[in-house]
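The next block is coords.pdb, given as PDB, C-alpha atoms.
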```pdb
MODEL        1
ATOM      1  CA  MET A   1      22.141 123.923 126.584
ATOM      2  CA  ARG A   2      23.851 123.529 123.258
ATOM      3  CA  ARG A   3      24.803 127.215 123.285
ATOM      4  CA  GLN A   4      26.423 126.865 126.738
ATOM      5  CA  PHE A   5      28.350 123.812 125.549
ATOM      6  CA  LEU A   6      29.668 125.642 122.470
ATOM      7  CA  SER A   7      30.622 128.660 124.602
ATOM      8  CA  PHE A   8      32.452 126.390 127.056
ATOM      9  CA  ALA A   9      34.193 124.533 124.201
ATOM     10  CA  LEU A  10      35.298 127.818 122.630
ATOM     11  CA  LEU A  11      36.582 129.148 125.967
ATOM     12  CA  PHE A  12      38.514 125.910 126.582
ATOM     13  CA  ALA A  13      40.044 126.043 123.096
ATOM     14  CA  ILE A  14      41.181 129.631 123.615
ATOM     15  CA  ILE A  15      42.524 129.208 127.154
ATOM     16  CA  GLY A  16      43.525 125.577 127.502
ATOM     17  CA  GLY A  17      44.201 124.478 123.933
ATOM     18  CA  PRO A  18      47.607 123.785 122.495
ATOM     19  CA  ALA A  19      49.755 126.755 121.574
ATOM     20  CA  VAL A  20      50.446 127.173 117.889
ATOM     21  CA  ALA A  21      54.016 127.962 116.939
ATOM     22  CA  GLY A  22      54.793 130.173 114.009
ATOM     23  CA  PRO A  23      57.574 130.251 111.413
ATOM     24  CA  THR A  24      59.609 132.797 113.377
ATOM     25  CA  ASP A  25      59.649 130.814 116.634
ATOM     26  CA  PRO A  26      62.996 129.190 117.512
ATOM     27  CA  SER A  27      63.540 125.453 117.355
ATOM     28  CA  LYS A  28      63.960 123.363 120.481
ATOM     29  CA  PHE A  29      66.925 121.222 121.541
ATOM     30  CA  ASP A  30      66.342 117.730 122.903
ATOM     31  CA  GLY A  31      69.336 116.727 125.030
ATOM     32  CA  THR A  32      67.755 113.506 126.290
ATOM     33  CA  PRO A  33      70.552 111.015 127.049
ATOM     34  CA  TYR A  34      70.891 108.171 124.556
ATOM     35  CA  LYS A  35      71.278 104.516 125.430
ATOM     36  CA  PRO A  36      74.391 102.631 124.250
ATOM     37  CA  GLN A  37      74.834 102.827 120.497
ATOM     38  CA  LYS A  38      75.521  99.832 118.251
ATOM     39  CA  ALA A  39      76.101 101.085 114.719
ATOM     40  CA  LEU A  40      77.349  99.544 111.498
ATOM     41  CA  TYR A  41      78.755 101.865 108.825
ATOM     42  CA  ASP A  42      78.696 100.467 105.280
ATOM     43  CA  PHE A  43      81.613 101.825 103.216
ATOM     44  CA  ASN A  44      81.436 101.339  99.432
ATOM     45  CA  TYR A  45      82.953 104.412  97.816
ATOM     46  CA  ALA A  46      83.965 105.251  94.261
ATOM     47  CA  LYS A  47      87.362 106.775  95.071
ATOM     48  CA  PRO A  48      90.008 105.546  97.526
ATOM     49  CA  THR A  49      89.984 108.855  99.411
ATOM     50  CA  ASP A  50      86.169 109.070  99.711
ATOM     51  CA  ALA A  51      86.324 107.189 103.011
ATOM     52  CA  LYS A  52      88.192 110.037 104.688
ATOM     53  CA  PRO A  53      85.258 112.503 104.701
ATOM     54  CA  ALA A  54      82.976 109.645 105.772
ATOM     55  CA  PHE A  55      85.183 109.211 108.848
ATOM     56  CA  GLY A  56      83.729 112.569 109.939
ATOM     57  CA  TYR A  57      80.333 110.899 110.471
ATOM     58  CA  ILE A  58      81.927 108.312 112.719
ATOM     59  CA  LYS A  59      83.922 110.918 114.646
ATOM     60  CA  ASN A  60      80.703 112.909 115.168
ATOM     61  CA  HIS A  61      78.940 109.737 116.291
ATOM     62  CA  LEU A  62      81.696 108.988 118.815
ATOM     63  CA  ARG A  63      81.634 112.593 120.086
ATOM     64  CA  ALA A  64      77.840 112.492 120.463
ATOM     65  CA  ILE A  65      78.032 109.204 122.374
ATOM     66  CA  LYS A  66      80.449 110.825 124.834
ATOM     67  CA  GLU A  67      78.415 114.027 125.170
ATOM     68  CA  TYR A  68      74.818 112.754 125.077
ATOM     69  CA  GLY A  69      75.001 108.996 125.308
ATOM     70  CA  THR A  70      76.361 106.012 127.104
ATOM     71  CA  PRO A  71      79.900 105.108 126.024
ATOM     72  CA  ALA A  72      79.842 101.865 128.047
ATOM     73  CA  GLY A  73      78.280  99.226 125.825
ATOM     74  CA  SER A  74      78.500 101.350 122.675
ATOM     75  CA  HIS A  75      80.312  99.988 119.617
ATOM     76  CA  ILE A  76      80.777 101.137 116.029
ATOM     77  CA  VAL A  77      81.792  98.904 113.121
ATOM     78  CA  ILE A  78      82.906  99.796 109.596
ATOM     79  CA  VAL A  79      82.470  97.203 106.848
ATOM     80  CA  ALA A  80      84.407  98.338 103.762
ATOM     81  CA  HIS A  81      83.988  96.824 100.306
ATOM     82  CA  GLY A  82      84.496  99.639  97.793
ATOM     83  CA  ASN A  83      87.439 101.401  96.191
ATOM     84  CA  GLU A  84      88.426 102.819  99.588
ATOM     85  CA  LEU A  85      90.184  99.466 100.027
ATOM     86  CA  HIS A  86      93.120 100.828  98.004
ATOM     87  CA  ALA A  87      93.704 103.480 100.687
ATOM     88  CA  PHE A  88      93.319 100.852 103.435
ATOM     89  CA  SER A  89      96.161  98.697 102.055
ATOM     90  CA  ARG A  90      99.615  99.055 103.539
ATOM     91  CA  LEU A  91     100.989  98.511 100.002
ATOM     92  CA  ASN A  92      99.675 101.955  99.016
ATOM     93  CA  ARG A  93     100.852 104.037 101.969
ATOM     94  CA  ALA A  94     102.937 106.302  99.724
ATOM     95  CA  ALA A  95      99.816 107.241  97.721
ATOM     96  CA  TYR A  96      97.582 107.712 100.793
ATOM     97  CA  PRO A  97      99.988 108.612 103.621
ATOM     98  CA  GLU A  98      97.386 110.048 106.029
ATOM     99  CA  MET A  99      94.992 107.101 105.859
ATOM    100  CA  TYR A 100      96.773 104.863 108.370
ATOM    101  CA  ASP A 101      96.684 107.571 111.046
ATOM    102  CA  GLU A 102      92.948 108.107 110.442
ATOM    103  CA  LEU A 103      92.219 104.373 110.666
ATOM    104  CA  LYS A 104      94.426 103.971 113.756
ATOM    105  CA  ALA A 105      92.670 106.836 115.542
ATOM    106  CA  LEU A 106      89.282 105.221 114.883
ATOM    107  CA  LYS A 107      90.558 101.827 116.019
ATOM    108  CA  ASP A 108      92.004 103.403 119.189
ATOM    109  CA  ALA A 109      88.555 104.954 119.825
ATOM    110  CA  GLY A 110      87.039 101.453 119.805
ATOM    111  CA  VAL A 111      85.806 101.269 116.211
ATOM    112  CA  SER A 112      86.104  97.853 114.517
ATOM    113  CA  ILE A 113      87.218  98.104 110.884
ATOM    114  CA  GLN A 114      86.389  95.197 108.576
ATOM    115  CA  VAL A 115      87.362  94.687 104.931
ATOM    116  CA  CYS A 116      85.594  92.290 102.579
ATOM    117  CA  ALA A 117      87.906  89.529 101.288
ATOM    118  CA  ASN A 118      85.878  89.241  98.072
ATOM    119  CA  ALA A 119      86.195  92.969  97.382
ATOM    120  CA  ALA A 120      89.904  92.838  98.233
ATOM    121  CA  ARG A 121      90.532  89.877  95.916
ATOM    122  CA  SER A 122      88.629  91.526  93.048
ATOM    123  CA  ARG A 123      90.903  94.572  93.418
ATOM    124  CA  GLY A 124      94.123  92.528  93.508
ATOM    125  CA  TYR A 125      94.806  92.275  97.261
ATOM    126  CA  LYS A 126      95.515  89.397  99.609
ATOM    127  CA  PRO A 127      94.055  89.476 103.148
ATOM    128  CA  ASP A 128      97.441  90.214 104.778
ATOM    129  CA  GLU A 129      98.074  93.311 102.642
ATOM    130  CA  PHE A 130      95.929  95.634 104.735
ATOM    131  CA  TYR A 131      96.897  97.676 107.779
ATOM    132  CA  ASP A 132      97.171  95.997 111.165
ATOM    133  CA  VAL A 133      94.093  97.871 112.459
ATOM    134  CA  ILE A 134      91.875  96.063 109.934
ATOM    135  CA  THR A 135      90.236  92.641 110.100
ATOM    136  CA  VAL A 136      89.514  90.947 106.782
ATOM    137  CA  VAL A 137      86.182  89.086 106.732
ATOM    138  CA  PRO A 138      84.955  86.550 104.140
ATOM    139  CA  ALA A 139      82.281  88.755 102.548
ATOM    140  CA  ALA A 140      80.781  92.196 103.252
ATOM    141  CA  VAL A 141      77.223  91.038 102.588
ATOM    142  CA  ILE A 142      77.321  88.300 105.205
ATOM    143  CA  ASP A 143      79.245  90.481 107.663
ATOM    144  CA  ILE A 144      76.730  93.324 107.342
ATOM    145  CA  ALA A 145      73.887  90.856 107.932
ATOM    146  CA  LYS A 146      75.717  89.411 110.958
ATOM    147  CA  TRP A 147      76.017  92.823 112.636
ATOM    148  CA  GLN A 148      72.403  93.701 111.857
ATOM    149  CA  ASN A 149      71.275  90.352 113.311
ATOM    150  CA  ASP A 150      73.177  91.357 116.463
ATOM    151  CA  GLY A 151      71.103  94.553 116.738
ATOM    152  CA  TYR A 152      73.433  97.046 115.036
ATOM    153  CA  SER A 153      71.820  99.956 113.214
ATOM    154  CA  TYR A 154      72.748 100.217 109.538
ATOM    155  CA  MET A 155      74.379 103.530 108.645
ATOM    156  CA  TRP A 156      75.342 104.849 105.222
ATOM    157  CA  ALA A 157      77.854 107.663 105.516
ATOM    158  CA  GLY A 158      77.076 109.372 102.231
ATOM    159  CA  TRP A 159      78.798 112.696 102.031
ATOM    160  CA  TYR A 160      78.392 115.822  99.953
ATOM    161  CA  PRO A 161      80.253 119.119  99.799
ATOM    162  CA  ARG A 162      79.210 121.249 102.762
ATOM    163  CA  LEU A 163      77.079 124.295 101.998
ATOM    164  CA  THR A 164      77.428 127.088 104.566
ATOM    165  CA  ARG A 165      74.839 129.656 105.637
ATOM    166  CA  ASP A 166      76.925 132.389 103.971
ATOM    167  CA  GLU A 167      76.732 130.508 100.648
ATOM    168  CA  VAL A 168      72.952 130.198 100.971
ATOM    169  CA  VAL A 169      72.663 133.930 101.674
ATOM    170  CA  LYS A 170      74.780 134.674  98.557
ATOM    171  CA  GLN A 171      72.369 132.585  96.491
ATOM    172  CA  HIS A 172      69.358 134.243  98.142
ATOM    173  CA  PRO A 173      70.064 137.941  98.836
ATOM    174  CA  GLU A 174      66.548 138.352 100.266
ATOM    175  CA  LEU A 175      67.843 136.537 103.379
ATOM    176  CA  GLN A 176      70.210 139.365 104.326
TER     177      GLN A 176
ENDMDL
END
```
Render the structure in this file as structure tokens.
Amino acid sequence: MRRQFLSFALLFAIIGGPAVAGPTDPSKFDGTPYKPQKALYDFNYAKPTDAKPAFGYIKNHLRAIKEYGTPAGSHIVIVAHGNELHAFSRLNRAAYPEMYDELKALKDAGVSIQVCANAARSRGYKPDEFYDVITVVPAAVIDIAKWQNDGYSYMWAGWYPRLTRDEVVKQHPELQ
């Protein structure tokens, strides 16, 4: 009896068991539609221009919402409280001429852009010295908590220089 059971178990494992993928099998793509997105991006960068590459995350997020998600009911917020504030001030347009157009494009796409009044004051700015597409809020910490309390996902748009496949192959010739 036990021998029959083991034979049956072995047969079931061979025929009906899960398939085992190997390291050369391709990955799968999951295109399942996403529900509306509510996301909060925390900006606190070292250099005034560091926000510009981080905008790429938000642009990708917006593109993905359109392609795989539900634009209706989706909303993205930026709360800025780092040195990017210098590039967000209309007083510095000559130093960062492309920044207004970037911010305006995000605002036109429905992104809310907030600047921390405390961070602005500590850097020498008054609330009315930022671009018209920006809303100054009392403090980033309380604003971030407010959005999270409203169900927004916290996002940190850390960025690093992009490494391409060709660069990896150069570093590892065995991949050619």
Between CA of Leu62 in chain A and CA of Ala157 in chain A, what is the distance, to one decimal in Å?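 Going from CA of Leu62 in chain A over to CA of Ala157 in chain A, I get 13.9 Å.
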Mind pulling up the distance from CA of Met155 in chain A to CA of Val168 in chain A?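 We find that CA of Val168 in chain A and CA of Met155 in chain A lie 27.8 Å from each other.
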Here's a test: counting only C-alpha atoms, identify every protein, DNA and RNA residue with an atom at most 12 Å from (99.4, 96.1, 97.8) in the file's coordinate frame, and state them as a count of residues only. 22
For Tyr34 in chain A, please output as a list in words all residues within 8 Å (counting only C-alpha atoms; exclusion window: fewer than 6 positions along the same chain).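 Here the answer would be Ile65, Tyr68, Gly69 and Thr70 of chain A.
Nearest residue to Gly31 in chain A, choosing from A:Leu103, A:Ala46, A:Leu163, A:Ala64 and counting all atoms listed in the file: A:Ala64.
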Show me the residues close to (79.5, 109.6, 122.2) - anything with an atom within 12 Å, counting only C-alpha atoms - and format the list as a list in words.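 Those residues lying close to the given coordinates are Pro33, Tyr34, Lys35, Pro36, Gln37, Lys38, Ala39, Tyr57, Ile58, Lys59, Asn60, His61, Leu62, Arg63, Ala64, Ile65, Lys66, Glu67, Tyr68, Gly69, Thr70, Pro71, Ala72, Gly73, Ser74, His75, Ile76, Ala109 and Gly110 of chain A.
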Nearest residue to Ser122 in chain A from the set A:Tyr152, A:Val141, A:Lys104, A:Asn83 (distances using only C-alpha atoms): A:Asn83
